Number of protein chains: 2
Amino acid sequence: MDERDYSAERIERLLDPQSIAIAGASADENKRGYIATKRLVESEYDGEVYPVNPSYEGEILGTEVHPSVSSIPDRVDLVYVVTPAGAVPTVLEDAGEADVAGAVIFSAGFSEVGNEETEEELIRIANEHDIRFLGPNVMGMVNVPSDICLGIDASYGEGGLSVISQSGNLGMNLGVATNKAHSTGLSHFVSIGNEADLKFHELLPYFAADDSTEALVLYVEGMSEGRAFLEEARRFTQEKPLILLKGGRTGAGKSSAESHTASLAGDADVVADVYSQAGVVTVDSFDDVVPVYQALTDAPTLSGRNIAIMTEAGGVATITADSLVEHGMNVPELTEETQEKLAELFPYSPNLENPIDTMVTGDTASLHGEAAEILLSDPNIDGLMICGGYGGYGVGGTGIELPMDDASAQAQIESARRITELPSEYDKPVVIKSTFTPEESEALAICRDGNVPVYDSFRDASLAFQSLAEYSEAVESADERSDFNAGSGADGLETLEEAADGTVLAEHEAKGVLEEYDIPVAPYELVSSAEEAVEAANRFDEELAMKIVSPQIQHKTEAGGVALGVSGESDVRDTYEELVANAEAYDSEATIDGVLISPMLEEGVEVIIGAIQDEEVGPVVMFGVGGIFVEVLEDVTFGGVPLTEHDARRMIEGIDGKEILEGARDNPEIDEDALVDLLVDVSELVAENPRISELDLNPVFCYEDSLSVIDASITL
Amino acid sequence: MDERDYSAERIERLLDPQSIAIAGASADENKRGYIATKRLVESEYDGEVYPVNPSYEGEILGTEVHPSVSSIPDRVDLVYVVTPAGAVPTVLEDAGEADVAGAVIFSAGFSEVGNEETEEELIRIANEHDIRFLGPNVMGMVNVPSDICLGIDASYGEGGLSVISQSGNLGMNLGVATNKAHSTGLSHFVSIGNEADLKFHELLPYFAADDSTEALVLYVEGMSEGRAFLEEARRFTQEKPLILLKGGRTGAGKSSAESHTASLAGDADVVADVYSQAGVVTVDSFDDVVPVYQALTDAPTLSGRNIAIMTEAGGVATITADSLVEHGMNVPELTEETQEKLAELFPYSPNLENPIDTMVTGDTASLHGEAAEILLSDPNIDGLMICGGYGGYGVGGTGIELPMDDASAQAQIESARRITELPSEYDKPVVIKSTFTPEESEALAICRDGNVPVYDSFRDASLAFQSLAEYSEAVESADERSDFNAGSGADGLETLEEAADGTVLAEHEAKGVLEEYDIPVAPYELVSSAEEAVEAANRFDEELAMKIVSPQIQHKTEAGGVALGVSGESDVRDTYEELVANAEAYDSEATIDGVLISPMLEEGVEVIIGAIQDEEVGPVVMFGVGGIFVEVLEDVTFGGVPLTEHDARRMIEGIDGKEILEGARDNPEIDEDALVDLLVDVSELVAENPRISELDLNPVFCYEDSLSVIDASITL
């Protein structure tokens, strides 16, 4: 299939159309075709609306009905299809003749119920007529700024949050969640349905260009073209935040997802790591979407993880510090200068170490702005969290003893004005966690409107910093990250191109492949007689590992085909004969290629590197610290191919057991640069040889100034 | 100091007094003594109020002022002290003469600012006159049902949540949080201040007996008598839930805590494990307190972790399943019978496997009650989560397409009535997560009032099940858990009682102590000549480990004092001489007791067992899987002494790397019963010998049918 056009301009005709035809419009009040028409006709949509029904003449709700899309005299951007499934191909043919740009196919009854055939027909027609369509089986498409609401009843507040969702209902839940939040609203909501034509990644350029969209939220159970998405996501995240909620992270969730979509989900851990590599901020819960959106769209980026905390009470200071640290932040010491300035402001404060406790006095409300500025001007500090009664001075009625007079209320409003100026002045975010939401004082409203996010919970406020740190790091390092262009595969090794599918390379073949990419492997030699074995042993002049090589024998140990710690001429000779004899006894049909001889290397710090083809995101490299960490704790990280050095370093940093590489347990501190090189080389090998379906370097021994691949396997 | 009376009856006179004297009452409107008097006099408090001021005659706000507490003609239960710090001892003496039961000392300026002396005087006076007091330096004491509000302005809704807090401000925040929640309110709020007299545990019997308290919430930074608390907490949690928020879990949090209280906090990981052993439910965030309170006080116990999910949409089903599994729940299959019954109810549903998707039809609102009953009657199911639009049928105005007619609203109200009957009928909890909070439909109000907790977030609803499971398991196994009575220490070993403080036992001495408690240790022999070494070697007839024994040499390896894999007469002899020579070279002053000889045992699965004296909760046993897990991942669990078998098993279950014990990585599955015995024996050893300050069994080798302590150290 040719690459279809999904430029922002092209998709705009679909998501922000100037004219809409409703195929399946009806005058029967009980039918969806009537409701759909009524909503659009009675809405404040500025464009043209054309009800279409071949078997109805006259008007519906005062609007002329056309017998076909192609009979409409004016240009039609979008056809909204609400006919039964069987009529959709005809509608699409008709629309194609009218040079319509796109369709939103609400009609269900296609691949989601096993009717692949009609769905394929739709794709064929759309290709032929160059129509791009959403659906079939979409819950709706909403464009709040343009007052377009197809399929669902949108009474949402207008804002900058756009959604593409694989579940229509969840998208709507998100609309309700934005309604509940104070300063957030919806821009677009797109239910992507079966992804038959338009895919997730094809909508990204439109949303990157769309002025009304401040950030894009995706609900994804499984993406059909994850690889193409990575490239687009990387571009998108350099412009705007992209927030991902992944459904089906657990076994129960995944089987639920499979029961209601046709999507093939990749491994949740793999996709989380790889999407993060593309700058996507993944959230763990639906509950986190709106708070994270608020942080990422309101606050400036966070250049480090050092946060100052300003509260009026010791207990609040303590749990705020706990919460921030548990979200990956630091609560560092303030400079002496800062502490001196604060002491002038708050002479009775019991603690002006970070987290600072201003106490509540008659003056506190008036001092918040100045104190915030002092904290933000501290070079040790990257961001500020104001946590406690702020927002409640002069408000009253809440049971907390704050000054409730008008002077305090007024002082608080003035400090709010000052606080909203600070983030841009100092290029550092300020986040407020107030006891007084959602009662909403004027001061809090000023903060919200002034790009200072205000939260109701300690978790959300901490998460705000965590997601800001993550997104800021992604933006900062965008140029150093993978472009996810894995190349054409044209530079691959001939040996690999020629072998049959499913081939498992023998260990020495696999190691040979690695050597082509300058990957340091432990020395090895394939010998085919006891004499050759002795000669090789003499050359190595160390204790040896000897392993049978036979394409029929994969489980060498089980076949008695492995001997370790062999040394001395006669021992080598005997071992050779024994391994061959064992192998023949194990499988009399087996072809014996010989015995692989390697010196027993000093044990290093064991790591594991692998590569797989993920169903959703394609080729990825895996990294883990060897042994228990991988096998019991599944402590591994993934990176999409091709890896940059920066990507490789992030993969290493992301391991829980990272300390092991830094000299824990009497190990030496390993050569991390060599490990980074190895990951990048493996990535290159995989990128240039797309026929590799699985690669496993296990173990790799890491030393203080080098590393060595001990065992390797490659499957095509 | 004698044990003071803290019976429920005694504390009741303090927390629910029939009469209150205000020491420091004032007619000056700017003084706290006036505000305190005004609040109490103008409140709806039914008891008697007596302003006290020796230098004021007449009335304050129409109430007669007494010159001293002892001059009040009637019985006074409580003195509320708002005088300056210096006057407090006199007030307390005076109150003691009047046979007052208790005091709430608001006055600050004691140990929290280094004035230990006056605080000790208060304690002495209170002891002499048998007065129990809260404070000094408390933020207040509130009893909502009795309309008593000392120290803080309580405009809180009345409910069943009682709080004891080390931070007055956080307690007040909790009051505001209950105000925001729909069906929760406050019963008591006690700021415990400096814990100079009354301690956390001394308030528990009162709250256990108090009818208005449904559950007790504690905010604790560091408890002064954690051990006594454990005993009381165990008793309390068999009656009512006890929810703990621990401040200072992280380094930053802990140093913040230390800056504003005088409390010595124990290690946060230790106390979390040990309090959980006593049935306390610990929450990770302030945000979790009210949701967990709602679950534990509204819903019946949860007899297992198998949850059914009922939603109207696939996406919601998926993320709900993810969220529950990530909170430790299972989402199991339903029986065929259940699925058949559901299919009759929801013939158009795309999925009636758990999580079920009922879809939204005109009938759905009327079917929720019946469907909930079908799910709860399934023997595979322990609890039900209803998640999605429930609560929003017939409500309208929210943007989600649910039937908005009166019939749907009415049907939903009827189903709500049915749903509230089900938890007690089936003894299984139902939890609702509704998109339509906090708009609050009549149906949701019925559910809340009918003990079906309703939540706004996926996380809170999942946490509800998690905390229910935890608390239910604690209640269920209460008889099998430790009573935390570690005994008198009278049965200890004489050798340990006689040794000096700080003594580190030599390895063979430590192993000798272990053997007294039937703990299996690897064989060992102390020899003091090369000849004896050879004789011992012959008796063992295996490869040997040989280690120097000298009280001056703790770091044996560094001193060249360890040899492994020694075998053969001459080798043993030479090694003996070499170890002694090395030791002499290392430290010419060292006394050499000899060389410890042990056979090199086959490597088993390595575990570590330790015991320490925690500053907060006293003697605890530690368990971890050896090596990396302990050293890099700090994957260890703790149990308070004395351990029961059940406690020991929980400690083993609580390890992340537990799989290692079950045969992961080609290891054998170890003898868990032997490990449980070992933990219990170590606990007994520590309980009976309170002089042991530290014990370390590292490593212990575990085998399929036995285990052996390889190395041991004991410090007194």
# chains A, B, ... in the order shown; residues from 1 in each chain; ligands from 1
call {"tool": "residues_around", "arguments": {"residues": "Gln339 of chain B", "least_positions_apart": "4", "cutoff": "12 Å", "atoms": "only C-alpha atoms", "output": "PyMOL selection string"}}
result
chain B and resi 308+333-335+343-347+349+351-358+371+374-375+377-378
call {"tool": "select_by_dssp", "arguments": {"residues": "segment 235-440 of chain A", "states": "strand (DSSP E or B)", "output": "PyMOL selection string"}}
result
chain A and resi 242-246+281-283+306-311+330+351+356-357+383-388+430-434
call {"tool": "write_last_selection", "arguments": {"atoms": "N, CA and C atoms", "output": "mmCIF file, in the first residue's frame"}}
result
data_model
loop_
_atom_site.group_PDB
_atom_site.id
_atom_site.type_symbol
_atom_site.label_atom_id
_atom_site.label_comp_id
_atom_site.auth_asym_id
_atom_site.auth_seq_id
_atom_site.Cartn_x
_atom_site.Cartn_y
_atom_site.Cartn_z
ATOM 1 N N LEU A 242 2.770 14.907 25.122
ATOM 2 C CA LEU A 242 1.942 13.783 24.676
ATOM 3 C C LEU A 242 1.829 12.849 25.872
ATOM 4 N N ILE A 243 0.612 12.654 26.347
ATOM 5 C CA ILE A 243 0.385 11.894 27.578
ATOM 6 C C ILE A 243 -0.317 10.595 27.210
ATOM 7 N N LEU A 244 0.236 9.488 27.648
ATOM 8 C CA LEU A 244 -0.292 8.182 27.256
ATOM 9 C C LEU A 244 -0.821 7.422 28.452
ATOM 10 N N LEU A 245 -2.069 6.972 28.340
ATOM 11 C CA LEU A 245 -2.600 6.002 29.288
ATOM 12 C C LEU A 245 -2.729 4.688 28.540
ATOM 13 N N LYS A 246 -2.013 3.680 29.023
ATOM 14 C CA LYS A 246 -1.991 2.392 28.340
ATOM 15 C C LYS A 246 -2.952 1.451 29.055
ATOM 16 N N VAL A 281 4.983 10.981 27.863
ATOM 17 C CA VAL A 281 4.845 10.830 29.310
ATOM 18 C C VAL A 281 3.721 9.830 29.569
ATOM 19 N N THR A 282 4.082 8.694 30.133
ATOM 20 C CA THR A 282 3.081 7.670 30.411
ATOM 21 C C THR A 282 2.549 7.840 31.825
ATOM 22 N N VAL A 283 1.226 7.762 31.985
ATOM 23 C CA VAL A 283 0.643 7.822 33.328
ATOM 24 C C VAL A 283 0.148 6.436 33.717
ATOM 25 N N ASN A 306 15.407 19.486 42.039
ATOM 26 C CA ASN A 306 15.555 20.046 43.385
ATOM 27 C C ASN A 306 14.420 21.004 43.707
ATOM 28 N N ILE A 307 13.581 20.605 44.666
ATOM 29 C CA ILE A 307 12.355 21.348 44.929
ATOM 30 C C ILE A 307 12.402 21.971 46.320
ATOM 31 N N ALA A 308 11.979 23.241 46.405
ATOM 32 C CA ALA A 308 11.777 23.887 47.701
ATOM 33 C C ALA A 308 10.318 23.715 48.094
ATOM 34 N N ILE A 309 10.100 23.537 49.389
ATOM 35 C CA ILE A 309 8.739 23.388 49.909
ATOM 36 C C ILE A 309 8.487 24.519 50.896
ATOM 37 N N MET A 310 7.361 25.217 50.699
ATOM 38 C CA MET A 310 6.959 26.267 51.644
ATOM 39 C C MET A 310 5.615 25.892 52.258
ATOM 40 N N THR A 311 5.582 25.720 53.576
ATOM 41 C CA THR A 311 4.343 25.379 54.274
ATOM 42 C C THR A 311 4.224 26.245 55.508
ATOM 43 N N ASN A 330 14.223 15.721 44.818
ATOM 44 C CA ASN A 330 15.080 15.983 45.963
ATOM 45 C C ASN A 330 14.548 17.209 46.708
ATOM 46 N N ASN A 351 11.490 26.712 61.612
ATOM 47 C CA ASN A 351 12.363 25.990 60.693
ATOM 48 C C ASN A 351 12.416 26.659 59.332
ATOM 49 N N ILE A 356 10.520 24.606 54.396
ATOM 50 C CA ILE A 356 10.401 25.690 55.361
ATOM 51 C C ILE A 356 8.982 25.760 55.932
ATOM 52 N N ASP A 357 8.937 26.194 57.190
ATOM 53 C CA ASP A 357 7.690 26.295 57.948
ATOM 54 C C ASP A 357 7.551 27.759 58.333
ATOM 55 N N GLY A 383 12.454 24.287 41.471
ATOM 56 C CA GLY A 383 11.007 24.493 41.455
ATOM 57 C C GLY A 383 10.508 24.635 42.874
ATOM 58 N N LEU A 384 9.286 25.158 43.004
ATOM 59 C CA LEU A 384 8.733 25.446 44.335
ATOM 60 C C LEU A 384 7.357 24.823 44.492
ATOM 61 N N MET A 385 7.145 24.181 45.632
ATOM 62 C CA MET A 385 5.807 23.706 45.976
ATOM 63 C C MET A 385 5.334 24.454 47.212
ATOM 64 N N ILE A 386 4.193 25.131 47.052
ATOM 65 C CA ILE A 386 3.560 25.817 48.180
ATOM 66 C C ILE A 386 2.453 24.893 48.669
ATOM 67 N N CYS A 387 2.488 24.552 49.922
ATOM 68 C CA CYS A 387 1.633 23.464 50.371
ATOM 69 C C CYS A 387 1.030 23.783 51.718
ATOM 70 N N GLY A 388 -0.274 23.803 51.813
ATOM 71 C CA GLY A 388 -0.912 24.020 53.107
ATOM 72 C C GLY A 388 -2.112 24.928 53.001
ATOM 73 N N VAL A 430 6.161 26.732 39.728
ATOM 74 C CA VAL A 430 5.563 26.782 41.063
ATOM 75 C C VAL A 430 4.282 25.958 41.014
ATOM 76 N N VAL A 431 4.117 25.095 42.000
ATOM 77 C CA VAL A 431 2.926 24.249 42.091
ATOM 78 C C VAL A 431 2.325 24.474 43.475
ATOM 79 N N ILE A 432 0.994 24.592 43.521
ATOM 80 C CA ILE A 432 0.335 24.806 44.808
ATOM 81 C C ILE A 432 -0.516 23.598 45.166
ATOM 82 N N LYS A 433 -0.370 23.141 46.411
ATOM 83 C CA LYS A 433 -1.285 22.133 46.960
ATOM 84 C C LYS A 433 -1.994 22.845 48.086
ATOM 85 N N SER A 434 -3.268 23.118 47.895
ATOM 86 C CA SER A 434 -3.995 23.899 48.888
ATOM 87 C C SER A 434 -5.039 23.056 49.591
#
call {"tool": "residues_around", "arguments": {"residues": "Gly624 of chain B", "least_positions_apart": "3", "cutoff": "9 Å", "atoms": "only C-alpha atoms", "output": "mmCIF file with N, CA, C and O atoms, in the first residue's frame"}}
result
data_model
loop_
_atom_site.group_PDB
_atom_site.id
_atom_site.type_symbol
_atom_site.label_atom_id
_atom_site.label_comp_id
_atom_site.auth_asym_id
_atom_site.auth_seq_id
_atom_site.Cartn_x
_atom_site.Cartn_y
_atom_site.Cartn_z
ATOM 1 N N VAL B 607 20.109 -17.110 52.669
ATOM 2 C CA VAL B 607 19.230 -16.124 53.289
ATOM 3 C C VAL B 607 19.964 -15.457 54.443
ATOM 4 O O VAL B 607 20.999 -15.946 54.890
ATOM 5 N N ILE B 608 19.421 -14.336 54.896
ATOM 6 C CA ILE B 608 20.027 -13.581 55.985
ATOM 7 C C ILE B 608 18.978 -13.358 57.055
ATOM 8 O O ILE B 608 17.832 -13.000 56.743
ATOM 9 N N ILE B 609 19.354 -13.598 58.289
ATOM 10 C CA ILE B 609 18.439 -13.327 59.395
ATOM 11 C C ILE B 609 19.175 -12.461 60.406
ATOM 12 O O ILE B 609 20.343 -12.713 60.711
ATOM 13 N N GLY B 610 18.511 -11.425 60.847
ATOM 14 C CA GLY B 610 19.148 -10.537 61.802
ATOM 15 C C GLY B 610 18.177 -10.168 62.902
ATOM 16 O O GLY B 610 16.985 -10.487 62.846
ATOM 17 N N GLY B 627 22.511 -11.954 49.636
ATOM 18 C CA GLY B 627 23.264 -11.329 48.557
ATOM 19 C C GLY B 627 22.621 -10.057 48.068
ATOM 20 O O GLY B 627 22.243 -9.167 48.826
ATOM 21 N N PHE B 629 19.805 -9.184 46.951
ATOM 22 C CA PHE B 629 18.488 -8.741 47.392
ATOM 23 C C PHE B 629 18.577 -7.848 48.609
ATOM 24 O O PHE B 629 17.879 -6.860 48.735
ATOM 25 N N VAL B 630 19.439 -8.246 49.536
ATOM 26 C CA VAL B 630 19.581 -7.450 50.733
ATOM 27 C C VAL B 630 20.474 -6.245 50.464
ATOM 28 O O VAL B 630 20.136 -5.109 50.785
ATOM 29 N N GLU B 634 17.738 -3.892 49.163
ATOM 30 C CA GLU B 634 17.177 -3.723 50.510
ATOM 31 C C GLU B 634 15.808 -4.386 50.637
ATOM 32 O O GLU B 634 14.871 -3.846 51.205
ATOM 33 N N ASP B 635 15.730 -5.576 50.070
ATOM 34 C CA ASP B 635 14.480 -6.328 50.071
ATOM 35 C C ASP B 635 14.429 -7.190 51.338
ATOM 36 O O ASP B 635 14.778 -8.367 51.311
ATOM 37 N N VAL B 636 14.027 -6.563 52.449
ATOM 38 C CA VAL B 636 13.975 -7.294 53.717
ATOM 39 C C VAL B 636 12.639 -7.015 54.405
ATOM 40 O O VAL B 636 11.974 -6.026 54.095
ATOM 41 N N THR B 637 12.253 -7.916 55.292
ATOM 42 C CA THR B 637 11.034 -7.705 56.073
ATOM 43 C C THR B 637 11.380 -7.802 57.553
ATOM 44 O O THR B 637 12.382 -8.408 57.923
ATOM 45 N N MET B 651 6.553 -12.819 57.121
ATOM 46 C CA MET B 651 7.832 -12.177 56.794
ATOM 47 C C MET B 651 8.435 -12.789 55.537
ATOM 48 O O MET B 651 8.991 -12.087 54.685
ATOM 49 N N ILE B 652 8.324 -14.108 55.429
ATOM 50 C CA ILE B 652 8.875 -14.788 54.244
ATOM 51 C C ILE B 652 8.047 -14.433 53.004
ATOM 52 O O ILE B 652 8.593 -14.113 51.943
ATOM 53 N N ILE B 655 8.673 -10.910 51.034
ATOM 54 C CA ILE B 655 9.902 -10.620 50.303
ATOM 55 C C ILE B 655 9.621 -10.560 48.790
ATOM 56 O O ILE B 655 8.956 -11.440 48.253
ATOM 57 N N GLY B 657 11.755 -11.015 46.423
ATOM 58 C CA GLY B 657 12.496 -12.098 45.762
ATOM 59 C C GLY B 657 12.078 -13.472 46.242
ATOM 60 O O GLY B 657 12.850 -14.424 46.168
#
call {"tool": "residues_around", "arguments": {"residues": "Val49 of chain A", "least_positions_apart": "2", "cutoff": "6 Å", "atoms": "only C-alpha atoms", "output": "list in words"}}
result
Ser19, Ile20 and Ala21 of chain A
call {"tool": "residues_around", "arguments": {"residues": "segment 197-204 of chain A", "least_positions_apart": "3", "cutoff": "7 Å", "atoms": "only C-alpha atoms", "output": "MDAnalysis selection string"}}
result
chainID A and resid 6 11 123 132:134 207:208 228:229 232 236
call {"tool": "residues_around", "arguments": {"residues": "Glu128 of chain A", "least_positions_apart": "3", "cutoff": "12 Å", "atoms": "only C-alpha atoms", "output": "ChimeraX atom specification"}}
result
/A:1-2,4,92-93,95-97,99,121-125,131-132
call {"tool": "write_last_selection", "arguments": {"atoms": "N, CA and C atoms", "output": "short mmCIF file (atom, residue, chain, number, x, y, z; two decimals), in the first residue's frame"}}
result
data_model
loop_
_atom_site.label_atom_id
_atom_site.label_comp_id
_atom_site.auth_asym_id
_atom_site.auth_seq_id
_atom_site.Cartn_x
_atom_site.Cartn_y
_atom_site.Cartn_z
N MET A 1 0.84 -1.19 0.00
CA MET A 1 0.00 0.00 0.00
C MET A 1 0.88 1.25 0.00
N ASP A 2 0.52 2.20 -0.83
CA ASP A 2 1.25 3.47 -0.83
C ASP A 2 1.03 4.20 0.49
N ARG A 4 -0.26 6.95 2.58
CA ARG A 4 -1.38 7.87 2.37
C ARG A 4 -1.04 9.24 2.95
N LEU A 92 -19.49 5.52 0.74
CA LEU A 92 -18.11 5.92 0.55
C LEU A 92 -17.78 6.13 -0.94
N GLU A 93 -18.31 5.25 -1.79
CA GLU A 93 -18.14 5.40 -3.24
C GLU A 93 -18.68 6.75 -3.69
N ALA A 95 -19.25 9.38 -1.85
CA ALA A 95 -18.46 10.48 -1.31
C ALA A 95 -17.18 10.66 -2.11
N GLY A 96 -16.60 9.56 -2.53
CA GLY A 96 -15.38 9.61 -3.31
C GLY A 96 -15.59 10.37 -4.60
N GLU A 97 -16.73 10.14 -5.24
CA GLU A 97 -17.02 10.86 -6.48
C GLU A 97 -17.17 12.36 -6.24
N ASP A 99 -15.40 14.08 -4.20
CA ASP A 99 -14.13 14.67 -3.76
C ASP A 99 -14.14 15.09 -2.28
N GLU A 121 -13.33 -3.78 2.21
CA GLU A 121 -13.93 -3.08 1.07
C GLU A 121 -13.88 -1.55 1.30
N LEU A 122 -14.15 -1.15 2.53
CA LEU A 122 -14.08 0.28 2.86
C LEU A 122 -12.69 0.82 2.60
N ILE A 123 -11.70 0.05 3.02
CA ILE A 123 -10.31 0.51 2.87
C ILE A 123 -9.99 0.65 1.37
N ARG A 124 -10.42 -0.35 0.59
CA ARG A 124 -10.17 -0.33 -0.85
C ARG A 124 -10.79 0.91 -1.50
N ILE A 125 -12.04 1.18 -1.15
CA ILE A 125 -12.73 2.33 -1.73
C ILE A 125 -12.05 3.64 -1.32
N ILE A 131 -9.93 8.97 0.15
CA ILE A 131 -10.68 9.45 1.33
C ILE A 131 -9.98 8.90 2.56
N ARG A 132 -9.79 9.75 3.55
CA ARG A 132 -9.29 9.25 4.84
C ARG A 132 -10.48 9.14 5.78
#
call {"tool": "residues_around", "arguments": {"residues": "Glu442 of chain A", "least_positions_apart": "3", "cutoff": "9 Å", "atoms": "only C-alpha atoms", "output": "number ranges by chain"}}
result
A: 391, 409, 412-413, 416, 445-447
call {"tool": "write_last_selection", "arguments": {"atoms": "C-alpha atoms", "output": "compact mmCIF listing (two decimals), in the first residue's frame"}}
result
# COMPACT_ATOMS: atom_id res chain seq x y z
CA GLY A 391 -5.53 30.01 49.31
CA ALA A 409 -7.73 38.06 51.97
CA GLN A 412 -3.26 36.84 49.68
CA ILE A 413 -4.67 38.10 46.41
CA ALA A 416 -1.09 35.44 44.21
CA ALA A 445 -8.28 31.38 40.80
CA ILE A 446 -5.59 33.96 40.01
CA CYS A 447 -2.91 31.28 40.37
call {"tool": "closest_residue", "arguments": {"among": "A:Ala101, A:Glu694, A:Asp46, A:Cys702", "to": "Glu662 of chain A", "atoms": "only C-alpha atoms"}}
result
A:Cys702
call {"tool": "atom_distance", "arguments": {"atom1": "atom CA of Gly565 of chain A", "atom2": "atom CA of Gly663 of chain A"}}
result
27.1 Å
